[in-house]
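Written out below as C-alpha cells is the structure these notes cover.
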Amino acid sequence: MIPISIEAYVKKHCEGNPGENPQKLKENLKQAVKDKKNGATCSNCGQEIWAIGSAVAYQGCFSCLTGEVDSSEDYEIKEVCWS
Ligand SMILES: [Zn+2]
C-alpha cells in the first residue's frame, strides 16, 4: 500500500468528493487508525482492517471492502501501513 498522512488523505478524498465533511472524515480516520493499532480485525474474514476503507465505509479489510486482492496502488495511513 502507499503510505499517506491523515491530512494528505483528507485533502485528496475531499477533492474527489466535494460533499464530504473533512472534519468528520478526519475523525473517522483517527478512530480507524486507533482501531487498527488496537488490533481490530475484519468482521468478515479476520484479517487486519484497512484504516482508510474503514473510515469511509465500514470496518473491514482491504479485500472485503474493495473485492480486490492487489492493494499496491491504494493508500493506507502511514502510521498503520505495514506492507
Ligand atoms: Zn476481510
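Starting from 1 in every chain, residues are counted up; chains themselves are A, B, ... following the order of the C-alpha cells, and ligands are numbered from 1 as listed.
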What do you get as a compact mmCIF listing (two decimals) with all heavy atoms, in the first residue's frame if you pick all residues at most 8 Å from ligand 1, counting only C-alpha atoms and all ligand atoms?
```
# COMPACT_ATOMS: atom_id res chain seq x y z
N THR A 41 -9.93 -6.38 13.70
CA THR A 41 -9.89 -7.27 12.53
C THR A 41 -11.20 -7.19 11.76
O THR A 41 -12.23 -6.78 12.30
CB THR A 41 -9.65 -8.72 12.96
OG1 THR A 41 -10.61 -9.07 13.95
CG2 THR A 41 -8.24 -8.91 13.51
N CYS A 42 -11.12 -7.59 10.53
CA CYS A 42 -12.29 -7.61 9.65
C CYS A 42 -13.33 -8.59 10.18
O CYS A 42 -13.00 -9.73 10.48
CB CYS A 42 -11.81 -8.03 8.25
SG CYS A 42 -13.13 -8.24 7.07
N SER A 43 -14.57 -8.12 10.28
CA SER A 43 -15.62 -8.98 10.84
C SER A 43 -15.98 -10.11 9.88
O SER A 43 -16.58 -11.11 10.24
CB SER A 43 -16.86 -8.15 11.16
OG SER A 43 -17.30 -7.50 10.00
N ASN A 44 -15.58 -9.93 8.63
CA ASN A 44 -15.90 -10.93 7.62
C ASN A 44 -14.87 -12.06 7.54
O ASN A 44 -15.22 -13.23 7.46
CB ASN A 44 -16.03 -10.23 6.27
CG ASN A 44 -16.69 -11.08 5.22
OD1 ASN A 44 -17.63 -11.82 5.51
ND2 ASN A 44 -16.19 -11.02 4.01
N CYS A 45 -13.58 -11.70 7.55
CA CYS A 45 -12.56 -12.73 7.32
C CYS A 45 -11.47 -12.78 8.39
O CYS A 45 -10.63 -13.68 8.37
CB CYS A 45 -11.91 -12.53 5.95
SG CYS A 45 -10.84 -11.08 5.88
N GLY A 46 -11.44 -11.80 9.30
CA GLY A 46 -10.49 -11.85 10.39
C GLY A 46 -9.11 -11.27 10.10
O GLY A 46 -8.23 -11.30 10.95
N GLN A 47 -8.92 -10.71 8.91
CA GLN A 47 -7.65 -10.06 8.61
C GLN A 47 -7.62 -8.69 9.27
O GLN A 47 -8.67 -8.16 9.65
CB GLN A 47 -7.51 -9.84 7.09
CG GLN A 47 -7.20 -11.08 6.30
CD GLN A 47 -6.64 -10.69 4.93
OE1 GLN A 47 -5.52 -10.20 4.84
NE2 GLN A 47 -7.44 -10.89 3.90
N GLU A 48 -6.43 -8.07 9.36
CA GLU A 48 -6.37 -6.73 9.92
C GLU A 48 -7.15 -5.77 9.03
O GLU A 48 -7.23 -5.96 7.82
CB GLU A 48 -4.92 -6.28 10.10
CG GLU A 48 -4.20 -6.02 8.81
CD GLU A 48 -2.76 -5.55 9.03
OE1 GLU A 48 -2.26 -5.68 10.16
OE2 GLU A 48 -2.15 -5.07 8.07
N ILE A 49 -7.73 -4.74 9.66
CA ILE A 49 -8.57 -3.82 8.89
C ILE A 49 -7.76 -2.88 8.02
O ILE A 49 -6.58 -2.66 8.27
CB ILE A 49 -9.51 -2.99 9.82
CG1 ILE A 49 -8.70 -2.12 10.78
CG2 ILE A 49 -10.47 -3.90 10.57
CD1 ILE A 49 -9.53 -1.01 11.44
N GLY A 60 -13.53 -3.09 7.88
CA GLY A 60 -13.24 -4.33 7.19
C GLY A 60 -11.84 -4.27 6.62
O GLY A 60 -11.16 -3.25 6.69
N CYS A 61 -11.39 -5.39 6.03
CA CYS A 61 -10.06 -5.40 5.44
C CYS A 61 -10.13 -4.93 3.98
O CYS A 61 -11.23 -4.78 3.42
CB CYS A 61 -9.48 -6.82 5.50
SG CYS A 61 -10.31 -7.98 4.41
N PHE A 62 -9.00 -4.72 3.38
CA PHE A 62 -8.95 -4.22 2.01
C PHE A 62 -9.71 -5.13 1.04
O PHE A 62 -10.53 -4.67 0.25
CB PHE A 62 -7.50 -4.06 1.57
CG PHE A 62 -7.37 -3.56 0.16
CD1 PHE A 62 -7.48 -2.20 -0.11
CD2 PHE A 62 -7.16 -4.43 -0.89
CE1 PHE A 62 -7.39 -1.72 -1.41
CE2 PHE A 62 -7.07 -3.97 -2.20
CZ PHE A 62 -7.18 -2.61 -2.45
N SER A 63 -9.44 -6.42 1.12
CA SER A 63 -10.07 -7.36 0.18
C SER A 63 -11.59 -7.38 0.29
O SER A 63 -12.29 -7.39 -0.72
CB SER A 63 -9.53 -8.78 0.42
OG SER A 63 -8.14 -8.78 0.33
N CYS A 64 -12.10 -7.36 1.52
CA CYS A 64 -13.55 -7.41 1.69
C CYS A 64 -14.21 -6.09 1.29
O CYS A 64 -15.31 -6.09 0.76
CB CYS A 64 -13.90 -7.76 3.13
SG CYS A 64 -13.48 -9.46 3.56
N LEU A 65 -13.53 -4.97 1.54
CA LEU A 65 -14.11 -3.67 1.21
C LEU A 65 -14.10 -3.40 -0.28
O LEU A 65 -15.01 -2.77 -0.82
CB LEU A 65 -13.37 -2.55 1.94
CG LEU A 65 -13.73 -2.41 3.43
CD1 LEU A 65 -12.71 -1.54 4.14
CD2 LEU A 65 -15.11 -1.79 3.58
```
Atom CA of Lys26 of chain A to atom CA of Ile6 of chain A, straight-line distance in Å
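If I compute the distance from atom CA of Ile6 of chain A to atom CA of Lys26 of chain A, I get 6.9 Å.
Coordinates place atom CA of Pro18 of chain A at a distance of 23.2 Å from atom CA of Val33 of chain A.
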Using only C-alpha atoms, which residues sit within 9 Å of Tyr9 of chain A once same-chain residues fewer than 4 positions away are excluded, as a CSV table (one decimal) with N, CA, C and O atoms, in the first residue's frame?
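Generated file (around03.csv):
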```csv
chain,number,residue,atom,x,y,z
A,4,ILE,N,0.3,7.3,3.4
A,4,ILE,CA,-0.2,8.7,3.2
A,4,ILE,C,-0.5,9.2,4.6
A,4,ILE,O,-1.0,8.4,5.5
A,5,SER,N,-0.4,10.5,4.9
A,5,SER,CA,-0.8,11.1,6.2
A,5,SER,C,-2.3,11.3,6.2
A,5,SER,O,-2.9,11.4,5.1
A,13,HIS,N,-9.2,13.1,-0.7
A,13,HIS,CA,-10.5,12.5,-0.7
A,13,HIS,C,-11.6,13.6,-0.9
A,13,HIS,O,-12.5,13.4,-1.7
A,14,CYS,N,-11.4,14.7,-0.3
A,14,CYS,CA,-12.4,15.8,-0.4
A,14,CYS,C,-12.4,16.5,-1.7
A,14,CYS,O,-13.4,17.0,-2.2
A,26,LYS,N,-11.8,13.2,9.0
A,26,LYS,CA,-10.6,13.2,9.8
A,26,LYS,C,-10.8,12.4,11.1
A,26,LYS,O,-10.0,11.6,11.5
A,52,ILE,N,-8.3,3.3,6.0
A,52,ILE,CA,-8.9,4.3,5.1
A,52,ILE,C,-10.3,3.8,4.7
A,52,ILE,O,-11.3,4.5,4.8
A,75,TYR,N,-4.1,3.6,-1.1
A,75,TYR,CA,-3.5,4.3,0.1
A,75,TYR,C,-3.8,3.6,1.4
A,75,TYR,O,-4.8,3.0,1.5
A,76,GLU,N,-2.9,3.8,2.3
A,76,GLU,CA,-3.2,3.5,3.7
A,76,GLU,C,-2.5,4.6,4.6
A,76,GLU,O,-1.4,5.1,4.2
A,77,ILE,N,-3.1,4.9,5.7
A,77,ILE,CA,-2.5,5.9,6.6
A,77,ILE,C,-1.1,5.4,7.1
A,77,ILE,O,-1.0,4.2,7.5
```
Of the candidates A:Asp70, A:Leu29, A:Asn38, A:Pro3, which shows the shortest atom-to-atom distance to Ala57 of chain A, using only C-alpha atoms?
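Of the candidates, the smallest distance to Ala57 of chain A is held by A:Leu29.
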To one decimal place, how far is atom CA of Glu79 of chain A from atom CA of Asn28 of chain A in Å?
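Separation of atom CA of Glu79 of chain A and atom CA of Asn28 of chain A: 14.8 Å.
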Which of chain A counts as alpha helix (DSSP H) under DSSP, as number ranges by chain please?
A: 6-16, 22-37, 51-56, 62-66
From the list A:Ser54, A:Asp74, A:Ala8, A:Glu68, which residue is nearest Asp35 of chain A when using only C-alpha atoms?
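Of A:Ser54, A:Asp74, A:Ala8, A:Glu68, the one nearest Asp35 of chain A, counting only C-alpha atoms, is A:Ser54.
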